[in-house]
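Structure file run-v9.csv; described as CSV, C-alpha atoms and all ligand atoms.
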chain,number,residue,atom,x,y,z
D,716,MET,CA,7.8,17.4,78.1
D,717,SER,CA,7.1,21.0,79.1
D,718,MET,CA,5.4,21.9,82.3
D,719,LEU,CA,1.8,22.7,82.6
D,720,ASN,CA,1.1,26.4,82.9
D,721,ASP,CA,-1.3,29.1,82.0
D,722,GLU,CA,0.2,29.3,78.5
D,723,ASN,CA,-0.4,25.7,77.5
D,724,LEU,CA,-3.4,24.5,79.6
D,725,LEU,CA,-5.8,24.2,76.6
D,726,TYR,CA,-3.2,22.2,74.6
D,727,ALA,CA,-2.3,20.1,77.6
D,728,ILE,CA,-6.0,19.2,78.3
D,729,ASP,CA,-6.4,18.3,74.6
D,730,GLN,CA,-3.2,16.1,74.6
D,731,GLY,CA,-3.8,14.5,78.0
D,732,ALA,CA,-7.5,13.8,77.2
D,733,GLN,CA,-6.5,12.2,73.9
D,734,VAL,CA,-4.4,9.7,75.8
D,735,LEU,CA,-6.9,9.1,78.5
D,736,ARG,CA,-9.7,8.6,75.9
D,737,GLU,CA,-7.6,6.1,74.1
D,738,PHE,CA,-7.1,4.3,77.4
D,739,LEU,CA,-10.8,4.3,78.1
D,740,GLY,CA,-11.4,2.7,74.7
D,741,GLY,CA,-14.9,4.0,74.3
D,742,GLU,CA,-16.0,3.0,77.9
D,743,GLU,CA,-17.9,5.6,79.9
D,744,PRO,CA,-17.0,5.1,83.6
D,745,ALA,CA,-19.8,5.9,86.1
D,746,ALA,CA,-17.4,7.9,88.2
D,747,ALA,CA,-13.8,9.0,88.7
D,748,ILE,CA,-12.5,8.2,92.2
D,749,ILE,CA,-9.5,9.9,93.7
D,750,LEU,CA,-8.0,7.7,96.4
D,751,GLY,CA,-6.3,9.3,99.4
D,752,SER,CA,-3.6,8.2,101.7
D,753,GLY,CA,-4.0,4.6,102.8
D,754,LEU,CA,-7.1,4.2,100.6
D,755,ASN,CA,-5.3,3.0,97.5
D,756,PRO,CA,-6.1,-0.7,98.0
D,757,PHE,CA,-9.7,0.0,96.8
D,758,ALA,CA,-8.3,0.1,93.2
D,759,ASP,CA,-6.6,-3.2,93.8
D,760,SER,CA,-10.0,-4.8,94.4
D,761,LEU,CA,-11.3,-3.8,90.9
D,762,GLU,CA,-12.0,-6.5,88.4
D,763,GLU,CA,-11.0,-6.6,84.7
D,764,ALA,CA,-8.7,-3.8,85.6
D,765,ARG,CA,-6.4,-1.8,83.2
D,766,PHE,CA,-3.7,0.6,84.2
D,767,LEU,CA,-2.3,3.9,82.8
D,768,SER,CA,0.7,5.4,84.5
D,769,TYR,CA,0.6,9.1,85.1
D,770,ARG,CA,4.0,9.1,83.4
D,771,ASP,CA,2.3,8.2,80.1
D,772,VAL,CA,-0.1,11.1,80.2
D,773,PRO,CA,1.2,14.3,78.6
D,774,PHE,CA,1.7,17.2,81.1
D,775,MET,CA,0.6,15.0,84.0
D,776,GLU,CA,2.9,15.1,87.1
D,777,VAL,CA,3.6,12.1,89.3
D,778,SER,CA,2.6,11.8,92.9
D,779,THR,CA,5.5,11.7,95.3
D,780,ALA,CA,3.5,11.3,98.6
D,781,ALA,CA,3.9,8.0,100.6
D,782,GLY,CA,1.5,5.3,99.5
D,783,HIS,CA,0.5,7.1,96.3
D,784,LYS,CA,1.2,4.9,93.3
D,785,GLY,CA,0.6,7.3,90.4
D,786,ARG,CA,-1.7,5.6,88.0
D,787,PHE,CA,-5.2,5.6,86.6
D,788,VAL,CA,-7.0,2.3,87.1
D,789,LEU,CA,-10.1,1.5,85.1
D,790,GLY,CA,-12.0,-1.4,86.5
D,791,THR,CA,-15.3,-3.0,87.6
D,792,VAL,CA,-16.4,-2.5,91.2
D,793,PRO,CA,-17.1,-6.1,92.4
D,794,GLY,CA,-20.7,-7.0,92.7
D,795,THR,CA,-22.0,-3.9,90.8
D,796,GLY,CA,-21.1,-4.3,87.2
D,797,LYS,CA,-20.2,-0.6,87.2
D,798,ARG,CA,-16.9,0.6,85.7
D,799,VAL,CA,-15.0,3.3,87.5
D,800,LEU,CA,-11.8,5.3,86.8
D,801,CYS,CA,-9.7,5.4,89.9
D,802,MET,CA,-6.7,7.7,90.5
D,803,GLN,CA,-4.3,5.7,92.6
D,804,GLY,CA,-2.3,8.5,93.9
D,805,ARG,CA,-3.1,12.2,93.9
D,806,LEU,CA,-1.0,15.4,93.6
D,807,HIS,CA,-0.7,17.9,96.4
D,808,LYS,CA,0.4,21.5,96.4
D,809,TYR,CA,2.8,20.6,99.2
D,810,GLU,CA,4.8,18.4,96.8
D,811,GLY,CA,5.7,21.7,95.0
D,812,TYR,CA,3.0,21.5,92.3
D,813,THR,CA,0.8,24.4,91.3
D,814,ALA,CA,-2.9,24.4,92.0
D,815,MET,CA,-3.4,24.0,88.2
D,816,GLN,CA,-1.2,20.9,88.2
D,817,VAL,CA,-3.1,19.4,91.1
D,818,ALA,CA,-6.4,20.0,89.3
D,819,PHE,CA,-5.2,18.9,85.9
D,820,PRO,CA,-6.3,15.2,86.1
D,821,VAL,CA,-9.8,16.4,87.1
D,822,TRP,CA,-10.0,18.5,84.0
D,823,LEU,CA,-8.9,15.4,82.0
D,824,VAL,CA,-11.6,13.1,83.4
D,825,ALA,CA,-14.2,15.9,82.8
D,826,GLU,CA,-13.0,16.3,79.2
D,827,CYS,CA,-13.5,12.5,78.8
D,828,GLY,CA,-17.1,12.9,79.9
D,829,VAL,CA,-16.9,11.3,83.3
D,830,PRO,CA,-20.0,12.7,85.1
D,831,VAL,CA,-19.2,12.2,88.8
D,832,LEU,CA,-16.1,12.8,90.9
D,833,ILE,CA,-15.7,10.9,94.2
D,834,THR,CA,-12.7,12.4,96.0
D,835,THR,CA,-11.4,10.9,99.2
D,836,ASN,CA,-8.7,11.6,101.8
D,837,ALA,CA,-7.5,11.0,105.2
D,838,ALA,CA,-8.3,14.0,107.5
D,839,GLY,CA,-8.0,15.2,111.1
D,840,ALA,CA,-11.1,16.0,113.1
D,841,ILE,CA,-11.6,19.4,114.7
D,842,ASN,CA,-15.3,18.9,115.7
D,843,ARG,CA,-15.3,16.8,118.9
D,844,GLU,CA,-18.4,14.9,117.8
D,845,ILE,CA,-16.3,13.4,115.0
D,846,HIS,CA,-14.1,10.4,116.0
D,847,VAL,CA,-11.1,8.6,114.7
D,848,GLY,CA,-12.2,5.9,112.3
D,849,ASP,CA,-15.4,7.8,111.2
D,850,PHE,CA,-16.1,8.5,107.6
D,851,CYS,CA,-17.3,12.1,106.9
D,852,LEU,CA,-19.2,13.3,103.9
D,853,MET,CA,-18.1,16.9,103.0
D,854,THR,CA,-21.0,19.3,102.9
D,855,ASP,CA,-18.8,22.3,102.1
D,856,GLN,CA,-15.2,23.3,102.0
D,857,LEU,CA,-12.8,26.1,103.0
D,858,ASN,CA,-10.0,26.5,100.4
D,859,LEU,CA,-7.2,27.7,102.7
D,860,THR,CA,-4.4,26.7,100.3
D,861,GLY,CA,-3.8,30.4,99.4
D,862,THR,CA,-4.4,29.7,95.7
D,863,ASN,CA,-7.0,28.5,93.2
D,864,PRO,CA,-6.6,26.3,90.1
D,865,LEU,CA,-8.7,28.8,88.1
D,866,VAL,CA,-6.2,31.7,88.5
D,867,GLY,CA,-4.8,32.8,85.1
D,868,ARG,CA,-6.3,33.4,81.7
D,869,SER,CA,-6.6,29.9,80.3
D,870,PRO,CA,-9.0,28.3,82.8
D,871,ASP,CA,-11.5,31.0,81.7
D,872,LEU,CA,-11.2,29.6,78.2
D,873,VAL,CA,-11.9,26.1,79.4
D,874,ALA,CA,-15.1,27.3,81.1
D,875,ASP,CA,-16.3,30.4,83.0
D,876,ARG,CA,-13.9,31.0,85.8
D,877,PHE,CA,-16.4,32.5,88.2
D,878,VAL,CA,-17.7,29.1,89.2
D,879,PRO,CA,-20.7,29.2,91.6
D,880,MET,CA,-19.8,27.1,94.7
D,881,LEU,CA,-23.1,26.8,96.4
D,882,GLY,CA,-23.9,23.1,96.5
D,883,ALA,CA,-20.5,22.2,95.2
D,884,PHE,CA,-20.9,18.9,97.0
D,885,ASP,CA,-23.9,17.2,95.5
D,886,ALA,CA,-26.7,16.6,98.0
D,887,GLN,CA,-28.2,13.7,96.1
D,888,LEU,CA,-24.8,11.8,96.1
D,889,ARG,CA,-24.6,12.5,99.8
D,890,GLY,CA,-28.0,11.0,100.2
D,891,ILE,CA,-26.9,7.9,98.4
D,892,ALA,CA,-23.8,7.6,100.6
D,893,HIS,CA,-25.9,7.9,103.7
D,894,ARG,CA,-28.3,5.2,102.6
D,895,VAL,CA,-25.4,2.8,101.6
D,896,ALA,CA,-23.6,3.5,104.9
D,897,TYR,CA,-26.7,2.6,106.8
D,898,ARG,CA,-27.2,-0.6,104.8
D,899,GLU,CA,-23.6,-1.6,105.2
D,900,GLY,CA,-23.4,-0.7,108.9
D,901,VAL,CA,-20.7,1.9,108.4
D,902,SER,CA,-20.8,5.1,110.4
D,903,VAL,CA,-20.8,8.3,108.4
D,904,LYS,CA,-21.0,11.9,109.6
D,905,GLN,CA,-21.0,15.2,107.7
D,906,CYS,CA,-18.4,17.9,107.8
D,907,VAL,CA,-17.3,21.3,106.6
D,908,TYR,CA,-13.8,20.5,105.3
D,909,ALA,CA,-10.8,22.8,105.4
D,910,GLY,CA,-8.0,22.2,102.9
D,911,LEU,CA,-4.7,23.6,103.8
D,912,LEU,CA,-1.3,23.9,102.0
D,913,GLY,CA,0.7,21.8,104.5
D,914,PRO,CA,3.0,19.9,104.6
D,915,SER,CA,3.6,20.7,108.3
D,916,LEU,CA,0.7,19.6,110.4
D,917,GLU,CA,-1.3,22.3,112.2
D,918,THR,CA,-0.4,23.9,115.5
D,919,PRO,CA,-3.0,23.8,118.3
D,920,ALA,CA,-3.6,27.5,117.6
D,921,GLU,CA,-4.2,26.8,113.9
D,922,ILE,CA,-6.7,24.0,114.8
D,923,HIS,CA,-8.4,26.5,117.1
D,924,MET,CA,-8.5,29.1,114.3
D,925,LEU,CA,-10.1,26.5,112.0
D,926,GLU,CA,-12.7,25.6,114.6
D,927,VAL,CA,-13.6,29.3,114.9
D,928,LEU,CA,-13.8,29.5,111.1
D,929,GLY,CA,-16.4,26.7,111.1
D,930,ALA,CA,-14.3,23.8,109.9
D,931,ASP,CA,-15.1,20.3,111.2
D,932,THR,CA,-12.2,18.5,109.5
D,933,VAL,CA,-8.8,19.4,108.0
D,934,ALA,CA,-6.3,18.0,105.6
D,935,MET,CA,-4.0,19.0,102.7
D,936,SER,CA,-5.9,18.0,99.5
D,937,VAL,CA,-9.3,17.9,97.8
D,938,VAL,CA,-10.2,21.6,97.5
D,939,GLU,CA,-8.5,22.2,94.1
D,940,GLU,CA,-10.0,19.0,92.7
D,941,VAL,CA,-13.5,20.1,93.8
D,942,ILE,CA,-13.1,23.5,92.2
D,943,ALA,CA,-11.9,22.0,88.9
D,944,ALA,CA,-14.8,19.5,88.9
D,945,ARG,CA,-17.4,22.2,89.4
D,946,HIS,CA,-15.6,24.3,86.8
D,947,ARG,CA,-16.6,21.5,84.3
D,948,GLY,CA,-19.9,20.7,85.8
D,949,MET,CA,-19.1,17.4,87.4
D,950,ARG,CA,-21.1,16.2,90.4
D,951,VAL,CA,-18.9,15.8,93.4
D,952,LEU,CA,-18.9,13.6,96.5
D,953,GLY,CA,-16.1,14.2,99.0
D,954,ILE,CA,-15.4,11.5,101.7
D,955,SER,CA,-12.8,11.9,104.5
D,956,LEU,CA,-11.6,9.1,106.7
D,957,ILE,CA,-10.8,10.5,110.1
D,958,THR,CA,-7.4,9.2,111.0
D,959,ASN,CA,-6.7,11.5,114.0
D,960,MET,CA,-8.0,14.4,116.1
D,961,GLY,CA,-6.6,17.7,115.2
D,962,CYS,CA,-3.4,18.7,116.9
D,963,GLY,CA,-4.0,19.8,120.5
D,964,ILE,CA,-7.5,18.3,120.7
D,965,GLU,CA,-7.7,15.7,123.5
D,966,GLY,CA,-3.9,15.9,123.6
D,967,SER,CA,-3.5,14.8,120.0
D,968,ASN,CA,-0.2,15.3,118.3
D,969,PRO,CA,-0.7,13.6,114.9
D,970,ASN,CA,2.1,12.3,112.7
D,971,SER,CA,2.1,10.7,109.3
D,972,ASP,CA,2.8,7.2,110.6
D,973,GLU,CA,-0.3,7.4,112.8
D,974,ILE,CA,-2.4,8.7,109.9
D,975,MET,CA,-1.3,5.9,107.5
D,976,ASP,CA,-1.8,3.2,110.2
D,977,VAL,CA,-5.4,4.3,111.0
D,978,ALA,CA,-6.2,4.6,107.3
D,979,GLU,CA,-5.1,1.0,106.7
D,980,THR,CA,-7.4,-0.3,109.5
D,981,ARG,CA,-10.4,1.2,107.7
D,982,GLU,CA,-9.6,0.0,104.2
D,983,ASP,CA,-12.2,-2.7,104.1
D,984,ASP,CA,-15.1,-0.5,105.3
D,985,PHE,CA,-14.1,2.2,103.0
D,986,ALA,CA,-14.0,-0.2,100.0
D,987,ARG,CA,-17.5,-1.5,101.0
D,988,LEU,CA,-18.9,2.1,101.3
D,989,VAL,CA,-17.5,3.3,98.0
D,990,ALA,CA,-18.5,0.1,96.2
D,991,GLY,CA,-22.0,0.5,97.6
D,992,ILE,CA,-22.2,4.1,96.4
D,993,VAL,CA,-21.0,3.3,92.9
D,994,GLY,CA,-23.6,0.5,92.7
D,995,GLU,CA,-26.3,3.1,93.2
D,996,LEU,CA,-25.1,5.6,90.6
D,1001,LIG,N1,-4.0,17.7,109.5
D,1001,LIG,C1,-3.7,17.8,108.2
D,1001,LIG,N2,-3.8,16.8,107.4
D,1001,LIG,C2,-4.2,15.6,107.8
D,1001,LIG,C3,-4.5,15.4,109.1
D,1001,LIG,C4,-4.4,16.5,110.1
D,1001,LIG,O1,-4.7,16.4,111.3
D,1001,LIG,N3,-4.9,14.1,109.3
D,1001,LIG,C5,-4.8,13.6,108.0
D,1001,LIG,N4,-4.4,14.5,107.1
Transcribe the structure of this file into structure tokens.
Ligand code: HPA
Amino acid sequence: MSMLNDENLLYAIDQGAQVLREFLGGEEPAAAIILGSGLNPFADSLEEARFLSYRDVPFMEVSTAAGHKGRFVLGTVPGTGKRVLCMQGRLHKYEGYTAMQVAFPVWLVAECGVPVLITTNAAGAINREIHVGDFCLMTDQLNLTGTNPLVGRSPDLVADRFVPMLGAFDAQLRGIAHRVAYREGVSVKQCVYAGLLGPSLETPAEIHMLEVLGADTVAMSVVEEVIAARHRGMRVLGISLITNMGCGIEGSNPNSDEIMDVAETREDDFARLVAGIVGEL
């Protein structure tokens, strides 16, 4: 299978969406949900689930990051009757993929008519009013990865490349998330999220720079997915689980073990929050 690039994007979306559409079998999931580090177990809780490995989707790359399984899971969120299409495992630029490859699955789900993208990740907090274990709803993003999935000629043939980014994160979906969090007794805050290339974690000076730039939280994913989703007019909700304070804040020196450990302690609350949100869609 040849690699996704600017020459074959339209063909790749066509081929990939054909396989995904067949997998969906005429079902119309209420949302696509991208599960970040340590948040994968949400997909294991789905009922009447079916699985599609990324390997079986033309032009789709596989996730190599720890804890990322690399499959689509179509299933019912318990207690809601709502069907969702989860991505258990995401692609990151730091794995060596292009921004276009990272965004590709979002174009596929958009092509299949999925109206909402819920994208989640583990993130570090820069704003000191945000604490470890908090959930944060993204109100805006800083794409600091150095690239953009819409670079090249072919994304402009998919849809206009000059995508307006005001309100990229849907205020109405955020409102639903706040209501559900209140009902479920889960604490949620709001953040401006900075997406960096990684994979090294930030230095204290970089965390300070991000703070000056207006970022409340930081991680290494999400931004390309949001751009691709808006490119195709999907409504977007971004949720970060705060696994650590940014490097240098309150003496923090985060590492991947700590990030995964904290993510695992919040799995159950995360699942309740997302299930509640999906129930209101
Ligand atoms: N920095 C970057 N990515 C992250 C962090 C962080 O502090 N925490 C979780 N993902």
_Using only C-alpha atoms and all ligand atoms for the distances, tell me which of D:Ala930, D:Ala943, D:Val895, D:Ile841 is nearest to ligand LIG 1001 (chain D)._
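Smallest distance to ligand LIG 1001 (chain D) is found for D:Ile841.
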_Test item: residues lying within 6 Å of ligand LIG 1001 (chain D) with all atoms listed in the file, as a PyMOL selection string_ = chain D and resi 837-839+916-917+933-935+958-959+961+974
*Please write as number ranges by chain the list of polymer residues whose atoms come within 12 Å of (-14.6, 16.5, 118.4), counting only C-alpha atoms and keeping to the coordinates of the file.*
D: 839-847, 849, 904, 906, 922-923, 926, 930-932, 957, 959-967
*Might you pull out every residue within 12 Å of Gly913 of chain D, with only C-alpha atoms counted and same-chain residues fewer than 4 positions away left off, and present them as a ChimeraX atom specification?*
/D:807-811,859-861,909,917-918,921,933-936
*What does the distance from atom CA of Glu742 of chain D to atom CA of Gly882 of chain D come to in Å, to one decimal?*
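Separation of atom CA of Glu742 of chain D and atom CA of Gly882 of chain D: 28.5 Å.
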_Taking 4 positions as the minimum chain separation for residues in the same chain, which residues sit within 7 Å of Val941 of chain D when counting all atoms listed in the file? Answer as an MDAnalysis selection string._
chainID D and resid 937 945 951
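For the choices D:Ala818, D:Asn968, D:Ala745, D:Gly731, the atom-to-atom distance to Pro870 of chain D is smallest for D:Ala818 when using all atoms listed in the file.
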As a tab-separated table (two decimals), in the coordinates of the input, the rebuilt segment 768-795 of chain D with N, CA and C atoms:
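Result saved to part_18.tsv:
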chain	number	residue	atom	x	y	z
D	768	SER	N	-0.20	4.62	83.66
D	768	SER	CA	0.70	5.40	84.50
D	768	SER	C	0.56	6.88	84.26
D	769	TYR	N	0.62	7.70	85.31
D	769	TYR	CA	0.60	9.10	85.10
D	769	TYR	C	1.74	9.57	84.19
D	770	ARG	N	2.84	8.81	84.22
D	770	ARG	CA	4.00	9.10	83.40
D	770	ARG	C	3.68	9.11	81.89
D	771	ASP	N	2.65	8.32	81.54
D	771	ASP	CA	2.30	8.20	80.10
D	771	ASP	C	1.26	9.17	79.66
D	772	VAL	N	0.86	10.08	80.57
D	772	VAL	CA	-0.10	11.10	80.20
D	772	VAL	C	0.58	12.43	80.06
D	773	PRO	N	0.53	13.02	78.86
D	773	PRO	CA	1.20	14.30	78.60
D	773	PRO	C	0.83	15.35	79.65
D	774	PHE	N	1.81	16.05	80.14
D	774	PHE	CA	1.70	17.20	81.10
D	774	PHE	C	1.23	16.78	82.49
D	775	MET	N	1.04	15.48	82.71
D	775	MET	CA	0.60	15.00	84.00
D	775	MET	C	1.86	14.83	84.91
D	776	GLU	N	1.81	15.31	86.14
D	776	GLU	CA	2.90	15.10	87.10
D	776	GLU	C	2.72	13.80	87.81
D	777	VAL	N	3.75	13.35	88.53
D	777	VAL	CA	3.60	12.10	89.30
D	777	VAL	C	3.51	12.39	90.76
D	778	SER	N	2.77	11.53	91.47
D	778	SER	CA	2.60	11.80	92.90
D	778	SER	C	3.86	11.26	93.65
D	779	THR	N	4.33	12.05	94.59
D	779	THR	CA	5.50	11.70	95.30
D	779	THR	C	5.18	11.32	96.80
D	780	ALA	N	3.92	11.52	97.20
D	780	ALA	CA	3.50	11.30	98.60
D	780	ALA	C	3.54	9.78	98.90
D	781	ALA	N	3.86	9.43	100.15
D	781	ALA	CA	3.90	8.00	100.60
D	781	ALA	C	2.62	7.31	100.30
D	782	GLY	N	2.72	6.11	99.75
D	782	GLY	CA	1.50	5.30	99.50
D	782	GLY	C	0.72	5.72	98.29
D	783	HIS	N	1.23	6.67	97.53
D	783	HIS	CA	0.50	7.10	96.30
D	783	HIS	C	1.24	6.54	95.10
D	784	LYS	N	0.53	5.66	94.34
D	784	LYS	CA	1.20	4.90	93.30
D	784	LYS	C	1.41	5.70	91.99
D	785	GLY	N	0.44	6.55	91.65
D	785	GLY	CA	0.60	7.30	90.40
D	785	GLY	C	0.14	6.67	89.17
D	786	ARG	N	-1.09	6.17	89.21
D	786	ARG	CA	-1.70	5.60	88.00
D	786	ARG	C	-3.18	5.68	87.99
D	787	PHE	N	-3.73	5.73	86.79
D	787	PHE	CA	-5.20	5.60	86.60
D	787	PHE	C	-5.46	4.06	86.59
D	788	VAL	N	-6.54	3.65	87.22
D	788	VAL	CA	-7.00	2.30	87.10
D	788	VAL	C	-8.44	2.26	86.69
D	789	LEU	N	-8.69	1.62	85.55
D	789	LEU	CA	-10.10	1.50	85.10
D	789	LEU	C	-10.49	0.05	85.38
D	790	GLY	N	-11.59	-0.10	86.11
D	790	GLY	CA	-12.00	-1.40	86.50
D	790	GLY	C	-13.45	-1.50	86.93
D	791	THR	N	-13.91	-2.73	87.15
D	791	THR	CA	-15.30	-3.00	87.60
D	791	THR	C	-15.32	-3.12	89.10
D	792	VAL	N	-16.24	-2.40	89.74
D	792	VAL	CA	-16.40	-2.50	91.20
D	792	VAL	C	-17.12	-3.85	91.43
D	793	PRO	N	-16.50	-4.77	92.21
D	793	PRO	CA	-17.10	-6.10	92.40
D	793	PRO	C	-18.54	-6.04	92.85
D	794	GLY	N	-19.34	-6.87	92.26
D	794	GLY	CA	-20.70	-7.00	92.70
D	794	GLY	C	-21.66	-5.90	92.12
D	795	THR	N	-21.13	-4.97	91.34
D	795	THR	CA	-22.00	-3.90	90.80
D	795	THR	C	-22.10	-3.84	89.33
